[in-house]
$ cat structure_38.pdb   # PDB, C-alpha atoms
ATOM      1  CA  ASN A   1       0.000   0.000   0.000  1.00  0.00           C
ATOM      2  CA  HIS A   2       2.791   2.429  -0.872  1.00  0.00           C
ATOM      3  CA  ARG A   3       2.531   5.574  -2.944  1.00  0.00           C
ATOM      4  CA  ILE A   4       5.246   6.734  -5.345  1.00  0.00           C
ATOM      5  CA  GLU A   5       4.170  10.012  -6.890  1.00  0.00           C
ATOM      6  CA  ARG A   6       5.446  13.212  -8.534  1.00  0.00           C
ATOM      7  CA  ASN A   7       9.103  12.221  -8.794  1.00  0.00           C
ATOM      8  CA  GLN A   8      11.681  12.699 -11.538  1.00  0.00           C
ATOM      9  CA  ILE A   9      13.776   9.540 -11.829  1.00  0.00           C
ATOM     10  CA  SER A  10      16.706   9.085 -14.215  1.00  0.00           C
ATOM     11  CA  GLY A  11      20.176   7.605 -14.566  1.00  0.00           C
ATOM     12  CA  HIS A  12      19.602   4.347 -12.662  1.00  0.00           C
ATOM     13  CA  ARG A  13      19.645   0.688 -13.713  1.00  0.00           C
ATOM     14  CA  ASP A  14      15.897   0.459 -13.003  1.00  0.00           C
ATOM     15  CA  GLY A  15      14.067   3.699 -12.291  1.00  0.00           C
ATOM     16  CA  VAL A  16      11.573   2.003  -9.958  1.00  0.00           C
ATOM     17  CA  TYR A  17      11.850  -1.645  -8.860  1.00  0.00           C
ATOM     18  CA  LEU A  18       9.147  -3.427  -6.857  1.00  0.00           C
ATOM     19  CA  GLU A  19       8.915  -7.022  -5.655  1.00  0.00           C
ATOM     20  CA  PHE A  20       6.042  -8.420  -3.563  1.00  0.00           C
ATOM     21  CA  ALA A  21       4.734  -4.868  -3.150  1.00  0.00           C
ATOM     22  CA  THR A  22       0.968  -5.318  -3.435  1.00  0.00           C
ATOM     23  CA  GLY A  23      -1.540  -2.484  -3.426  1.00  0.00           C
ATOM     24  CA  THR A  24       0.991   0.098  -4.637  1.00  0.00           C
ATOM     25  CA  LEU A  25       0.021   3.323  -6.422  1.00  0.00           C
ATOM     26  CA  ILE A  26       2.534   4.902  -8.830  1.00  0.00           C
ATOM     27  CA  ARG A  27       1.370   8.141 -10.405  1.00  0.00           C
ATOM     28  CA  GLU A  28       2.508  11.367 -12.061  1.00  0.00           C
ATOM     29  CA  ASN A  29       6.204  10.485 -12.238  1.00  0.00           C
ATOM     30  CA  LEU A  30       8.653  11.364 -14.996  1.00  0.00           C
ATOM     31  CA  VAL A  31      10.911   8.334 -15.473  1.00  0.00           C
ATOM     32  CA  LYS A  32      13.522   8.794 -18.194  1.00  0.00           C
ATOM     33  CA  GLN A  33      16.960   7.730 -19.406  1.00  0.00           C
ATOM     34  CA  ASN A  34      17.403   4.767 -17.070  1.00  0.00           C
ATOM     35  CA  ILE A  35      19.798   2.053 -18.184  1.00  0.00           C
ATOM     36  CA  ARG A  36      17.379  -0.881 -18.194  1.00  0.00           C
ATOM     37  CA  TYR A  37      13.714  -0.411 -17.191  1.00  0.00           C
ATOM     38  CA  GLY A  38      11.941   2.761 -16.254  1.00  0.00           C
ATOM     39  CA  LEU A  39       9.649   0.651 -14.065  1.00  0.00           C
ATOM     40  CA  HIS A  40      10.232  -3.006 -13.189  1.00  0.00           C
ATOM     41  CA  PHE A  41       8.030  -4.970 -10.853  1.00  0.00           C
ATOM     42  CA  MET A  42       7.475  -8.616 -10.020  1.00  0.00           C
ATOM     43  CA  SER A  43       4.844 -10.434  -7.958  1.00  0.00           C
ATOM     44  CA  SER A  44       3.116  -7.151  -7.084  1.00  0.00           C
ATOM     45  CA  SER A  45      -0.592  -7.641  -7.675  1.00  0.00           C
ATOM     46  CA  ASN A  46      -3.497  -5.208  -7.198  1.00  0.00           C
ATOM     47  CA  THR A  47      -1.384  -2.204  -8.155  1.00  0.00           C
ATOM     48  CA  GLN A  48      -2.185   0.940 -10.148  1.00  0.00           C
ATOM     49  CA  TYR A  49      -0.032   3.077 -12.445  1.00  0.00           C
ATOM     50  CA  HIS A  50      -1.388   6.247 -13.991  1.00  0.00           C
ATOM     51  CA  GLY A  51      -0.299   9.641 -15.216  1.00  0.00           C
ATOM     52  CA  ASN A  52       3.356   8.617 -15.621  1.00  0.00           C
ATOM     53  CA  ILE A  53       5.774   9.306 -18.465  1.00  0.00           C
ATOM     54  CA  PHE A  54       8.281   6.535 -19.244  1.00  0.00           C
ATOM     55  CA  THR A  55      10.619   7.795 -21.934  1.00  0.00           C
ATOM     56  CA  GLU A  56      14.064   7.051 -23.394  1.00  0.00           C
ATOM     57  CA  ASN A  57      14.740   4.157 -21.032  1.00  0.00           C
ATOM     58  CA  GLY A  58      16.661   1.077 -22.079  1.00  0.00           C
ATOM     59  CA  ALA A  59      13.525  -1.060 -22.236  1.00  0.00           C
ATOM     60  CA  GLY A  60      10.589   0.930 -20.900  1.00  0.00           C
ATOM     61  CA  VAL A  61       8.448  -0.951 -18.351  1.00  0.00           C
ATOM     62  CA  ALA A  62       8.489  -4.634 -17.334  1.00  0.00           C
ATOM     63  CA  VAL A  63       5.547  -6.200 -15.477  1.00  0.00           C
ATOM     64  CA  MET A  64       5.996  -9.816 -14.371  1.00  0.00           C
ATOM     65  CA  TYR A  65       4.161 -12.503 -12.374  1.00  0.00           C
ATOM     66  CA  SER A  66       1.323 -10.233 -11.267  1.00  0.00           C
ATOM     67  CA  ARG A  67      -2.442  -9.976 -11.612  1.00  0.00           C
ATOM     68  CA  GLN A  68      -5.157  -7.352 -11.395  1.00  0.00           C
ATOM     69  CA  ILE A  69      -2.963  -4.473 -12.559  1.00  0.00           C
ATOM     70  CA  LYS A  70      -4.473  -1.203 -13.756  1.00  0.00           C
ATOM     71  CA  MET A  71      -2.288   0.934 -16.020  1.00  0.00           C
ATOM     72  CA  HIS A  72      -3.935   3.975 -17.556  1.00  0.00           C
ATOM     73  CA  ASP A  73      -3.138   7.470 -18.799  1.00  0.00           C
ATOM     74  CA  ASN A  74       0.592   6.765 -19.093  1.00  0.00           C
ATOM     75  CA  LYS A  75       2.999   7.621 -21.904  1.00  0.00           C
ATOM     76  CA  PHE A  76       5.555   5.054 -23.088  1.00  0.00           C
ATOM     77  CA  THR A  77       7.751   6.817 -25.651  1.00  0.00           C
ATOM     78  CA  GLY A  78      11.166   6.611 -27.241  1.00  0.00           C
ATOM     79  CA  ASN A  79      12.243   3.340 -25.620  1.00  0.00           C
ATOM     80  CA  THR A  80      14.475   2.005 -28.390  1.00  0.00           C
ATOM     81  CA  GLY A  81      17.202  -0.580 -28.777  1.00  0.00           C
ATOM     82  CA  PRO A  82      17.594  -4.199 -29.899  1.00  0.00           C
ATOM     83  CA  ALA A  83      15.432  -5.506 -27.001  1.00  0.00           C
ATOM     84  CA  ALA A  84      13.426  -2.420 -26.028  1.00  0.00           C
ATOM     85  CA  TYR A  85       9.714  -2.300 -25.261  1.00  0.00           C
ATOM     86  CA  GLY A  86       7.211   0.320 -24.294  1.00  0.00           C
ATOM     87  CA  ILE A  87       5.850  -2.336 -21.942  1.00  0.00           C
ATOM     88  CA  LEU A  88       6.736  -6.002 -21.421  1.00  0.00           C
ATOM     89  CA  LEU A  89       4.081  -8.231 -19.832  1.00  0.00           C
ATOM     90  CA  LYS A  90       5.212 -11.666 -18.628  1.00  0.00           C
ATOM     91  CA  GLU A  91       2.668 -13.859 -16.869  1.00  0.00           C
ATOM     92  CA  VAL A  92       0.360 -10.947 -16.133  1.00  0.00           C
ATOM     93  CA  HIS A  93      -3.300 -11.864 -15.681  1.00  0.00           C
ATOM     94  CA  GLU A  94      -6.715 -10.244 -15.274  1.00  0.00           C
ATOM     95  CA  SER A  95      -5.424  -6.714 -15.787  1.00  0.00           C
ATOM     96  CA  GLU A  96      -6.538  -3.530 -17.540  1.00  0.00           C
ATOM     97  CA  ILE A  97      -4.318  -1.438 -19.807  1.00  0.00           C
ATOM     98  CA  PHE A  98      -6.298   1.518 -21.105  1.00  0.00           C
ATOM     99  CA  ASN A  99      -5.978   5.094 -22.311  1.00  0.00           C
ATOM    100  CA  ASN A 100      -2.185   4.930 -22.704  1.00  0.00           C
ATOM    101  CA  GLU A 101       0.131   6.177 -25.438  1.00  0.00           C
ATOM    102  CA  PHE A 102       2.795   3.855 -26.877  1.00  0.00           C
ATOM    103  CA  LYS A 103       4.849   5.833 -29.358  1.00  0.00           C
ATOM    104  CA  LYS A 104       8.208   5.432 -31.122  1.00  0.00           C
ATOM    105  CA  ASN A 105       9.320   2.320 -29.240  1.00  0.00           C
ATOM    106  CA  THR A 106      11.093  -0.648 -30.798  1.00  0.00           C
ATOM    107  CA  VAL A 107       8.112  -2.734 -29.595  1.00  0.00           C
ATOM    108  CA  GLY A 108       5.020  -1.023 -28.215  1.00  0.00           C
ATOM    109  CA  ILE A 109       3.603  -3.986 -26.249  1.00  0.00           C
ATOM    110  CA  TYR A 110       5.293  -7.374 -25.776  1.00  0.00           C
ATOM    111  CA  MET A 111       3.299 -10.195 -24.151  1.00  0.00           C
ATOM    112  CA  GLU A 112       4.339 -13.654 -22.991  1.00  0.00           C
ATOM    113  CA  GLY A 113       2.268 -16.096 -20.923  1.00  0.00           C
ATOM    114  CA  SER A 114      -0.298 -13.392 -20.114  1.00  0.00           C
ATOM    115  CA  ASN A 115      -4.035 -14.107 -20.012  1.00  0.00           C
ATOM    116  CA  ARG A 116      -7.486 -12.600 -19.501  1.00  0.00           C
ATOM    117  CA  SER A 117      -6.559  -8.915 -19.749  1.00  0.00           C
ATOM    118  CA  LEU A 118      -8.277  -5.958 -21.408  1.00  0.00           C
ATOM    119  CA  PHE A 119      -6.459  -3.510 -23.706  1.00  0.00           C
ATOM    120  CA  ARG A 120      -8.800  -0.635 -24.480  1.00  0.00           C
ATOM    121  CA  SER A 121      -8.517   2.887 -25.910  1.00  0.00           C
ATOM    122  CA  ASN A 122      -4.743   2.973 -26.322  1.00  0.00           C
ATOM    123  CA  ASP A 123      -2.854   4.941 -28.979  1.00  0.00           C
ATOM    124  CA  ILE A 124      -0.137   2.677 -30.395  1.00  0.00           C
ATOM    125  CA  SER A 125       1.766   4.602 -33.032  1.00  0.00           C
ATOM    126  CA  GLU A 126       5.074   4.834 -34.912  1.00  0.00           C
ATOM    127  CA  ASN A 127       6.602   1.764 -33.257  1.00  0.00           C
ATOM    128  CA  GLY A 128       8.674  -0.884 -34.997  1.00  0.00           C
ATOM    129  CA  TRP A 129       6.232  -3.544 -33.811  1.00  0.00           C
ATOM    130  CA  ALA A 130       2.983  -2.327 -32.255  1.00  0.00           C
ATOM    131  CA  LEU A 131       2.173  -5.661 -30.590  1.00  0.00           C
ATOM    132  CA  ARG A 132       4.261  -8.807 -30.214  1.00  0.00           C
ATOM    133  CA  ILE A 133       2.070 -11.471 -28.640  1.00  0.00           C
ATOM    134  CA  MET A 134       3.410 -14.968 -28.049  1.00  0.00           C
ATOM    135  CA  GLY A 135       1.386 -18.132 -28.589  1.00  0.00           C
ATOM    136  CA  ASP A 136       1.046 -18.828 -24.852  1.00  0.00           C
ATOM    137  CA  CYS A 137      -1.194 -15.773 -24.351  1.00  0.00           C
ATOM    138  CA  GLU A 138      -4.919 -16.504 -24.121  1.00  0.00           C
ATOM    139  CA  ASN A 139      -8.264 -14.734 -23.692  1.00  0.00           C
ATOM    140  CA  ASN A 140      -6.972 -11.177 -23.962  1.00  0.00           C
ATOM    141  CA  LEU A 141      -9.239  -8.567 -25.567  1.00  0.00           C
ATOM    142  CA  PHE A 142      -7.991  -5.650 -27.692  1.00  0.00           C
ATOM    143  CA  THR A 143     -10.722  -3.155 -28.526  1.00  0.00           C
ATOM    144  CA  GLN A 144     -11.074   0.540 -29.414  1.00  0.00           C
ATOM    145  CA  ASN A 145      -7.306   0.915 -29.841  1.00  0.00           C
ATOM    146  CA  ASN A 146      -5.605   2.973 -32.564  1.00  0.00           C
ATOM    147  CA  PHE A 147      -2.742   1.288 -34.446  1.00  0.00           C
ATOM    148  CA  VAL A 148      -1.213   4.094 -36.501  1.00  0.00           C
ATOM    149  CA  GLY A 149       1.973   4.218 -38.576  1.00  0.00           C
ATOM    150  CA  ASN A 150       3.691   1.170 -37.086  1.00  0.00           C
ATOM    151  CA  THR A 151       6.134  -0.782 -39.242  1.00  0.00           C
ATOM    152  CA  PHE A 152       4.327  -3.990 -38.201  1.00  0.00           C
ATOM    153  CA  ASP A 153       0.981  -3.997 -36.431  1.00  0.00           C
ATOM    154  CA  VAL A 154       1.041  -7.481 -34.872  1.00  0.00           C
ATOM    155  CA  THR A 155       3.438 -10.410 -34.875  1.00  0.00           C
ATOM    156  CA  THR A 156       3.322 -13.797 -33.160  1.00  0.00           C
ATOM    157  CA  ASN A 157       5.289 -17.019 -32.972  1.00  0.00           C
ATOM    158  CA  SER A 158       2.205 -19.238 -33.216  1.00  0.00           C
ATOM    159  CA  ASP A 159      -0.044 -20.518 -35.991  1.00  0.00           C
ATOM    160  CA  HIS A 160      -3.065 -20.143 -33.702  1.00  0.00           C
ATOM    161  CA  ASN A 161      -4.647 -17.233 -31.878  1.00  0.00           C
ATOM    162  CA  TRP A 162      -6.571 -17.503 -28.608  1.00  0.00           C
ATOM    163  CA  ASN A 163      -7.141 -13.758 -28.207  1.00  0.00           C
ATOM    164  CA  SER A 164      -9.717 -11.326 -29.550  1.00  0.00           C
ATOM    165  CA  LEU A 165      -9.047  -8.198 -31.613  1.00  0.00           C
ATOM    166  CA  ASN A 166     -12.272  -6.337 -32.328  1.00  0.00           C
ATOM    167  CA  GLU A 167     -13.287  -2.780 -33.228  1.00  0.00           C
ATOM    168  CA  ASN A 168      -9.784  -1.317 -33.481  1.00  0.00           C
ATOM    169  CA  TYR A 169      -8.496   1.294 -35.933  1.00  0.00           C
ATOM    170  CA  TRP A 170      -5.636   0.206 -38.218  1.00  0.00           C
ATOM    171  CA  SER A 171      -3.924   2.780 -40.435  1.00  0.00           C
ATOM    172  CA  HIS A 172      -2.707  -0.018 -42.746  1.00  0.00           C
ATOM    173  CA  TYR A 173      -6.264  -1.206 -43.422  1.00  0.00           C
ATOM    174  CA  ASP A 174      -7.159  -0.568 -47.047  1.00  0.00           C
ATOM    175  CA  GLY A 175     -10.779  -1.746 -46.933  1.00  0.00           C
ATOM    176  CA  TYR A 176     -13.982   0.198 -47.493  1.00  0.00           C
ATOM    177  CA  ASP A 177     -17.299   0.982 -45.812  1.00  0.00           C
ATOM    178  CA  LEU A 178     -20.002   0.886 -48.469  1.00  0.00           C
ATOM    179  CA  ASN A 179     -22.926   0.885 -46.038  1.00  0.00           C
ATOM    180  CA  ARG A 180     -21.381   3.728 -44.016  1.00  0.00           C
ATOM    181  CA  ASP A 181     -21.894   2.187 -40.603  1.00  0.00           C
ATOM    182  CA  GLY A 182     -18.412   3.212 -39.472  1.00  0.00           C
ATOM    183  CA  TYR A 183     -16.920  -0.281 -39.775  1.00  0.00           C
ATOM    184  CA  GLY A 184     -14.938  -1.871 -42.593  1.00  0.00           C
ATOM    185  CA  ASP A 185     -16.868  -4.257 -44.814  1.00  0.00           C
ATOM    186  CA  ARG A 186     -14.157  -6.902 -44.645  1.00  0.00           C
ATOM    187  CA  PRO A 187     -11.890  -8.048 -41.803  1.00  0.00           C
ATOM    188  CA  TYR A 188      -8.288  -6.954 -41.418  1.00  0.00           C
ATOM    189  CA  ARG A 189      -5.614  -9.630 -41.158  1.00  0.00           C
ATOM    190  CA  VAL A 190      -3.343  -8.027 -38.609  1.00  0.00           C
ATOM    191  CA  VAL A 191      -0.266 -10.228 -39.141  1.00  0.00           C
ATOM    192  CA  SER A 192       1.669  -9.604 -42.355  1.00  0.00           C
ATOM    193  CA  LEU A 193       3.625 -12.295 -44.171  1.00  0.00           C
ATOM    194  CA  SER A 194       6.813 -10.229 -43.904  1.00  0.00           C
ATOM    195  CA  SER A 195       6.487 -10.122 -40.085  1.00  0.00           C
ATOM    196  CA  VAL A 196       6.112 -13.915 -40.008  1.00  0.00           C
ATOM    197  CA  ILE A 197       9.311 -14.298 -42.046  1.00  0.00           C
ATOM    198  CA  LEU A 198      11.189 -11.841 -39.822  1.00  0.00           C
ATOM    199  CA  GLU A 199      10.062 -13.748 -36.735  1.00  0.00           C
ATOM    200  CA  LYS A 200      11.537 -16.988 -38.083  1.00  0.00           C
ATOM    201  CA  VAL A 201      14.558 -15.872 -40.147  1.00  0.00           C
ATOM    202  CA  ASP A 202      16.789 -13.223 -38.556  1.00  0.00           C
ATOM    203  CA  SER A 203      18.807 -12.582 -41.705  1.00  0.00           C
ATOM    204  CA  SER A 204      15.660 -11.466 -43.546  1.00  0.00           C
ATOM    205  CA  TYR A 205      15.824  -8.071 -41.783  1.00  0.00           C
ATOM    206  CA  ILE A 206      17.880  -6.864 -44.729  1.00  0.00           C
ATOM    207  CA  LEU A 207      14.665  -7.008 -46.791  1.00  0.00           C
ATOM    208  CA  MET A 208      12.575  -4.781 -44.491  1.00  0.00           C
ATOM    209  CA  ASN A 209      10.529  -2.217 -46.429  1.00  0.00           C
ATOM    210  CA  SER A 210      11.734  -3.703 -49.711  1.00  0.00           C
ATOM    211  CA  PHE A 211       9.615  -4.101 -52.841  1.00  0.00           C
ATOM    212  CA  LEU A 212       9.764  -7.890 -52.424  1.00  0.00           C
ATOM    213  CA  PHE A 213       8.316  -7.795 -48.890  1.00  0.00           C
ATOM    214  CA  ASN A 214       5.611  -5.337 -49.922  1.00  0.00           C
ATOM    215  CA  LEU A 215       4.654  -7.557 -52.850  1.00  0.00           C
ATOM    216  CA  MET A 216       4.491 -10.669 -50.667  1.00  0.00           C
ATOM    217  CA  ASP A 217       2.259  -8.885 -48.157  1.00  0.00           C
ATOM    218  CA  GLN A 218      -0.148  -7.803 -50.896  1.00  0.00           C
ATOM    219  CA  VAL A 219      -0.371 -11.318 -52.324  1.00  0.00           C
ATOM    220  CA  GLU A 220      -0.883 -12.863 -48.882  1.00  0.00           C
ATOM    221  CA  ARG A 221      -3.737 -10.476 -48.078  1.00  0.00           C
ATOM    222  CA  ALA A 222      -5.465 -11.440 -51.320  1.00  0.00           C
ATOM    223  CA  LEU A 223      -4.821 -15.194 -50.995  1.00  0.00           C
ATOM    224  CA  PRO A 224      -4.077 -15.889 -47.327  1.00  0.00           C
ATOM    225  CA  SER A 225      -2.368 -19.204 -46.682  1.00  0.00           C
ATOM    226  CA  LEU A 226       0.615 -18.699 -44.344  1.00  0.00           C
ATOM    227  CA  ILE A 227      -0.518 -16.182 -41.726  1.00  0.00           C
ATOM    228  CA  PRO A 228      -2.764 -17.272 -38.811  1.00  0.00           C
ATOM    229  CA  GLU A 229      -6.362 -17.362 -40.064  1.00  0.00           C
ATOM    230  CA  SER A 230      -7.760 -16.436 -36.649  1.00  0.00           C
ATOM    231  CA  MET A 231      -5.473 -13.407 -36.220  1.00  0.00           C
ATOM    232  CA  LYS A 232      -7.786 -10.752 -37.616  1.00  0.00           C
ATOM    233  CA  ASP A 233     -10.062  -7.896 -36.623  1.00  0.00           C
ATOM    234  CA  GLU A 234     -13.555  -8.704 -37.871  1.00  0.00           C
ATOM    235  CA  LYS A 235     -15.031  -5.242 -37.218  1.00  0.00           C
ATOM    236  CA  VAL A 236     -12.475  -2.584 -38.153  1.00  0.00           C
ATOM    237  CA  LEU A 237     -13.068   1.035 -37.186  1.00  0.00           C
ATOM    238  CA  MET A 238     -12.876   3.327 -40.211  1.00  0.00           C
ATOM    239  CA  THR A 239     -11.916   6.380 -38.109  1.00  0.00           C
ATOM    240  CA  PRO A 240      -9.673   6.472 -35.017  1.00  0.00           C
ATOM    241  CA  ALA A 241     -11.223   5.801 -31.637  1.00  0.00           C
ATOM    242  CA  LYS A 242     -11.348   8.675 -29.184  1.00  0.00           C
ATOM    243  CA  VAL A 243      -8.377   8.424 -26.852  1.00  0.00           C
ATOM    244  CA  GLY A 244      -7.254  11.210 -24.562  1.00  0.00           C
ATOM    245  CA  VAL A 245      -4.295  10.504 -22.298  1.00  0.00           C
ATOM    246  CA  ARG A 246      -4.717  12.644 -19.168  1.00  0.00           C
ATOM    247  CA  LEU A 247      -1.463  13.719 -17.489  1.00  0.00           C
TER
END
$ encode --input "structure_38.pdb" --output "structure tokens"
Amino acid sequence: NHRIERNQISGHRDGVYLEFATGTLIRENLVKQNIRYGLHFMSSSNTQYHGNIFTENGAGVAVMYSRQIKMHDNKFTGNTGPAAYGILLKEVHESEIFNNEFKKNTVGIYMEGSNRSLFRSNDISENGWALRIMGDCENNLFTQNNFVGNTFDVTTNSDHNWNSLNENYWSHYDGYDLNRDGYGDRPYRVVSLSSVILEKVDSSYILMNSFLFNLMDQVERALPSLIPESMKDEKVLMTPAKVGVRL
């Protein structure tokens, strides 16, 4: 039941580190330029994080082995590097991540072994990968989020998907809305063929943004055969959802 609020934290290995610290409130902090994580906590359930800025850290925020976390109205920006994330979720369950901004990170959101959480009304923009979700994640819901200008929207290491993506806005969606109900008339397959290849063959990074990759992605969208069939948004928003991060 601690409170950590209105601090400026920089230049450390981890800006804030918590372990077995349940019921903690972290709010309105500026956490920047730390060597590893801006915020790192393990086994600290029933905690809340809001109104914080995590920027230019080695790998943003890491949340591990916890449940019933609420993270809202935070900014995760400029966390870049070969293994950098806006937020990393490992074995995090029954949590809510809403009304946050993930911008210009190597990976916006990385998830592993995390289940039954809600991701709602987040702006996820200009990241290398917006969402990397591993095959051991189940029953998570992504809705009313804006995926804008990311190199790759979603990537996974599995041929199956046990999560739901519904009513999100995707800037890469090239569909149409003939009946003008505000939703695309065809689903959006959120995993591109080029992201699948990059996930499996490291040396293929040399082909990123190449004509060959773009051509393969177009063909795969028209005749899908290699990307996970279940990894799609059935009800695509044609205009961005209203998201207002309050700091």
$ residues_around --input "structure_38.pdb" --residues "Leu237 of chain A" --least-positions-apart "6" --cutoff "10 Å" --atoms "all atoms listed in the file" --output "PyMOL selection string"
chain A and resi 143-146+166-171+173+177+181-184
$ resolve_selection --input "structure_38.pdb" --expression "the PyMOL selection byres ((chain A and resi 151-154) around 9)" --output "number ranges by chain"
A: 126-133, 147-150, 155-156, 170, 172, 190-192, 194-195, 209, 231
$ axis_aligned_box --input "structure_38.pdb" --around "segment 33-36 of chain A" --padding-each-side "4 Å" --output "JSON"
{"center_x": 18.4, "center_y": 3.4, "center_z": -18.2, "size_x": 10.8, "size_y": 16.6, "size_z": 10.3}
$ residues_around --input "structure_38.pdb" --residues "segment 114-118 of chain A" --least-positions-apart "6" --cutoff "10 Å" --atoms "all atoms listed in the file" --output "ChimeraX atom specification"
/A:64-70,89-98,133-143,162-164
$ atom_distance --input "structure_38.pdb" --atom1 "atom CA of Glu56 of chain A" --atom2 "atom CA of Lys32 of chain A"
5.5 Å
$ residues_around --input "structure_38.pdb" --residues "segment 44-48 of chain A" --least-positions-apart "2" --cutoff "7 Å" --atoms "only C-alpha atoms" --output "list in words"
Glu19, Phe20, Ala21, Thr22, Gly23, Thr24, Leu25, Ile26, Phe41, Met42, His50, Ser66, Arg67, Gln68, Ile69, Lys70 and Met71 of chain A
$ write_last_selection --input "structure_38.pdb" --atoms "C-alpha atoms" --output "PDB file, in the frame of the given file"
ATOM      1  CA  GLU A  19       8.915  -7.022  -5.655  1.00  0.00           C
ATOM      2  CA  PHE A  20       6.042  -8.420  -3.563  1.00  0.00           C
ATOM      3  CA  ALA A  21       4.734  -4.868  -3.150  1.00  0.00           C
ATOM      4  CA  THR A  22       0.968  -5.318  -3.435  1.00  0.00           C
ATOM      5  CA  GLY A  23      -1.540  -2.484  -3.426  1.00  0.00           C
ATOM      6  CA  THR A  24       0.991   0.098  -4.637  1.00  0.00           C
ATOM      7  CA  LEU A  25       0.021   3.323  -6.422  1.00  0.00           C
ATOM      8  CA  ILE A  26       2.534   4.902  -8.830  1.00  0.00           C
ATOM      9  CA  PHE A  41       8.030  -4.970 -10.853  1.00  0.00           C
ATOM     10  CA  MET A  42       7.475  -8.616 -10.020  1.00  0.00           C
ATOM     11  CA  HIS A  50      -1.388   6.247 -13.991  1.00  0.00           C
ATOM     12  CA  SER A  66       1.323 -10.233 -11.267  1.00  0.00           C
ATOM     13  CA  ARG A  67      -2.442  -9.976 -11.612  1.00  0.00           C
ATOM     14  CA  GLN A  68      -5.157  -7.352 -11.395  1.00  0.00           C
ATOM     15  CA  ILE A  69      -2.963  -4.473 -12.559  1.00  0.00           C
ATOM     16  CA  LYS A  70      -4.473  -1.203 -13.756  1.00  0.00           C
ATOM     17  CA  MET A  71      -2.288   0.934 -16.020  1.00  0.00           C
TER      18      MET A  71
END
$ atom_distance --input "structure_38.pdb" --atom1 "atom CA of Gly78 of chain A" --atom2 "atom CA of Pro240 of chain A"
22.2 Å
